[in-house]
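Enquirer: Pasting a structure below so you can have a look.
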Amino acid sequence: MPRTQRNDNFIDKSFTVMADLILKMMPTSNNAKKAFAYYRDGMSAQADGEYAEAMENYEEALILEEDPNDRSYILYNMGLIHASNGEHDEALSKYYEALDLNSNMPQVLNNIAVIFHYRGERAKTEGDADKAEDLFDRAADFWKQAIGIAPNNYIEAQNWLKTTGRAAIDGF
C-alpha cells in the first residue's frame, strides 16, 4: 500500500484522494504518473524522518521519471537526505546531478555552498588555513550563483560574503 494511503487524519486522506484524482486525469504517461506517486510517497516519508523509505521511493521515481526538471527535484531531495545523514560526498553527487539537469535551482547551489563552508570551518579548526580559504572561496562561488538567481534569499550568506570580502557581485 502506498504511504499516502496510510495517512490516518482527515486532511491527509482528503488531499491524497484529490491528488490521486488529479493525477489520473493528467494527460501524461503511466510511467510519469507512477513516478509522481513514488515521489509524493518519498516526500511524505522524508517529512516523517523515514529516510530509508524516502530514498527507496525516490530511487523508484528516478527510474520511471523522464522529465529532466522533475528528475532534478528528485535528485535534490535525495541530496537533502544524504546531507542530513552527514554523507556529504553523496549529497554533493546528487546536487551536481540535479544541477546538470536544471541549473536554475538556487536551493541546490545554496546547499552545495553550505557543505563547502562546513568543510572550510572544519579545515580551519584543524589548522589548515590554506585548505579552509579554498573551501570558503568555493562556497562563495556557489552562494553568488544562488543569490544571482534568488537575490532576496540567503541573507546570512550575503552577510557572510560581505564580511569576508567575497561579495564581488552586483546587487549587494
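Quick note on naming: the chains in the C-alpha cells go A, B, ... in the order shown, residues restart at 1 in each chain, and ligands are numbered from 1 in order of appearance.
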Using only C-alpha atoms, which residues sit within 9 Å of Val108 (chain A) once same-chain residues fewer than 6 positions away are excluded, as a ChimeraX atom specification?
Expert: /A:76,79,95-96,98-99,146
Enquirer: Output as a PyMOL selection string all residues of region 4-165 of chain A that backbone DSSP marks as alpha helix (DSSP H).
Expert: chain A and resi 10-25+30-47+51-64+68-84+88-101+106-125+129-149+155-163
Enquirer: Show which residues sit within 12 Å of Lys131 (chain A), as a VMD selection string. Count only C-alpha atoms, and ignore same-chain residues fewer than 5 positions away.
Expert: chain A and resid 116 to 117 119 to 126 136 to 138
Enquirer: Keeping only N, CA and C atoms, write those residues as a compact mmCIF listing (two decimals), in the first residue's frame.
Expert:
```txt
# COMPACT_ATOMS: atom_id res chain seq x y z
N PHE A 116 30.50 23.15 1.44
CA PHE A 116 31.87 23.67 1.32
C PHE A 116 32.22 24.57 2.50
N HIS A 117 31.26 25.37 2.94
CA HIS A 117 31.51 26.23 4.10
C HIS A 117 31.78 25.39 5.35
N ARG A 119 32.94 22.37 5.47
CA ARG A 119 34.26 21.76 5.32
C ARG A 119 35.37 22.79 5.55
N GLY A 120 35.13 24.03 5.14
CA GLY A 120 36.09 25.10 5.39
C GLY A 120 36.25 25.38 6.86
N GLU A 121 35.14 25.41 7.58
CA GLU A 121 35.21 25.62 9.04
C GLU A 121 35.97 24.48 9.70
N ARG A 122 35.74 23.28 9.24
CA ARG A 122 36.43 22.12 9.81
C ARG A 122 37.94 22.19 9.54
N ALA A 123 38.29 22.56 8.31
CA ALA A 123 39.71 22.70 7.96
C ALA A 123 40.37 23.80 8.79
N LYS A 124 39.65 24.87 9.01
CA LYS A 124 40.15 25.99 9.83
C LYS A 124 40.42 25.52 11.25
N THR A 125 39.47 24.76 11.81
CA THR A 125 39.61 24.22 13.16
C THR A 125 40.80 23.28 13.25
N GLU A 126 41.05 22.54 12.18
CA GLU A 126 42.17 21.59 12.15
C GLU A 126 43.50 22.27 11.86
N PHE A 136 36.26 27.98 1.47
CA PHE A 136 35.41 29.17 1.63
C PHE A 136 35.20 29.86 0.29
N ASP A 137 36.26 29.91 -0.53
CA ASP A 137 36.11 30.51 -1.86
C ASP A 137 35.13 29.71 -2.72
N ARG A 138 35.19 28.40 -2.62
CA ARG A 138 34.25 27.56 -3.38
C ARG A 138 32.82 27.79 -2.89
```
Enquirer: Determine, counting only C-alpha atoms, which protein, DNA and RNA residues have an atom within 7 Å of an atom of Ile81 (chain A); residues of the same chain fewer than 4 positions away are not included. Present the result as a PyMOL selection string.
Expert: chain A and resi 51+77+85
Enquirer: Expressed in Å to a single decimal, how great is the separation between CA of Leu80 (chain A) and CA of Asp100 (chain A)?
Expert: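 Those two atoms sit 16.7 Å apart.
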Enquirer: Pick from A:Met55, A:Ala47, A:Leu135, A:Ile115: nearest to Ala83 (chain A), with only C-alpha atoms counted?
Expert: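 Closest residue, counting only C-alpha atoms: A:Ile115.
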Enquirer: Please report the interatomic distance between CA of Phe36 (chain A) and CA of Ala61 (chain A) in Å with one decimal.
Expert: 6.7 Å
Enquirer: Give me, as a list in words, all polymer residues having an atom no more than 12 Å from Leu161 (chain A), counting only C-alpha atoms and skipping those fewer than 3 positions away in the same chain.
Expert: Ala113, His117, Phe136, Asp137, Arg138, Ala139, Ala140, Asp141, Phe142, Trp143, Lys144, Ile147, Tyr154, Ile155, Glu156, Ala157, Gln158, Thr164, Gly165, Arg166, Ala167, Ala168, Ile169 and Phe172 of chain A
Enquirer: For those residues, write N, CA and C atoms to a file as a CSV table (one decimal), in the first residue's frame.
Expert:
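What follows is the written file again-v4.csv:
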```
chain,number,residue,atom,x,y,z
A,113,ALA,N,27.0,25.1,-1.3
A,113,ALA,CA,27.8,26.2,-0.6
A,113,ALA,C,27.9,25.8,0.9
A,117,HIS,N,31.3,25.4,2.9
A,117,HIS,CA,31.5,26.2,4.1
A,117,HIS,C,31.8,25.4,5.3
A,136,PHE,N,36.3,28.0,1.5
A,136,PHE,CA,35.4,29.2,1.6
A,136,PHE,C,35.2,29.9,0.3
A,137,ASP,N,36.3,29.9,-0.5
A,137,ASP,CA,36.1,30.5,-1.9
A,137,ASP,C,35.1,29.7,-2.7
A,138,ARG,N,35.2,28.4,-2.6
A,138,ARG,CA,34.2,27.6,-3.4
A,138,ARG,C,32.8,27.8,-2.9
A,139,ALA,N,32.7,27.9,-1.6
A,139,ALA,CA,31.3,28.2,-1.0
A,139,ALA,C,30.8,29.5,-1.5
A,140,ALA,N,31.7,30.5,-1.5
A,140,ALA,CA,31.3,31.8,-2.0
A,140,ALA,C,30.9,31.8,-3.5
A,141,ASP,N,31.6,31.0,-4.3
A,141,ASP,CA,31.2,30.9,-5.7
A,141,ASP,C,29.8,30.4,-5.9
A,142,PHE,N,29.4,29.4,-5.1
A,142,PHE,CA,28.1,28.8,-5.2
A,142,PHE,C,27.0,29.7,-4.6
A,143,TRP,N,27.4,30.4,-3.5
A,143,TRP,CA,26.4,31.3,-2.9
A,143,TRP,C,26.1,32.5,-3.9
A,144,LYS,N,27.2,33.0,-4.5
A,144,LYS,CA,27.0,34.0,-5.5
A,144,LYS,C,26.0,33.6,-6.6
A,147,ILE,N,22.5,33.5,-5.1
A,147,ILE,CA,21.9,34.8,-4.9
A,147,ILE,C,21.6,35.5,-6.2
A,154,TYR,N,18.8,33.9,1.1
A,154,TYR,CA,20.2,33.6,1.6
A,154,TYR,C,20.8,34.9,2.2
A,155,ILE,N,20.1,35.5,3.0
A,155,ILE,CA,20.6,36.8,3.7
A,155,ILE,C,21.8,36.5,4.5
A,156,GLU,N,21.9,35.4,5.2
A,156,GLU,CA,23.1,35.1,6.0
A,156,GLU,C,24.3,34.9,5.1
A,157,ALA,N,24.1,34.2,4.0
A,157,ALA,CA,25.2,34.0,3.1
A,157,ALA,C,25.6,35.4,2.5
A,158,GLN,N,24.7,36.2,2.2
A,158,GLN,CA,25.0,37.6,1.7
A,158,GLN,C,25.9,38.3,2.7
A,164,THR,N,33.4,38.9,4.7
A,164,THR,CA,34.6,38.2,4.4
A,164,THR,C,35.3,38.8,3.2
A,165,GLY,N,34.7,39.8,2.6
A,165,GLY,CA,35.2,40.5,1.4
A,165,GLY,C,35.0,39.7,0.1
A,166,ARG,N,34.1,38.7,0.2
A,166,ARG,CA,33.9,37.9,-1.0
A,166,ARG,C,32.7,38.4,-1.8
A,167,ALA,N,32.1,39.5,-1.5
A,167,ALA,CA,30.9,40.0,-2.1
A,167,ALA,C,31.2,40.8,-3.3
A,168,ALA,N,31.7,40.2,-4.3
A,168,ALA,CA,32.1,41.0,-5.5
A,168,ALA,C,31.1,40.8,-6.7
A,169,ILE,N,29.8,40.8,-6.3
A,169,ILE,CA,28.8,40.7,-7.4
A,169,ILE,C,27.9,41.9,-7.2
A,172,PHE,N,24.4,43.5,-4.1
A,172,PHE,CA,24.5,43.5,-2.6
A,172,PHE,C,25.9,43.9,-2.2
```
Enquirer: Please, what distance in Å, to one decimal, runs between CA of Leu101 (chain A) and CA of Pro68 (chain A)?
Expert: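 These atoms are spaced 5.4 Å apart.
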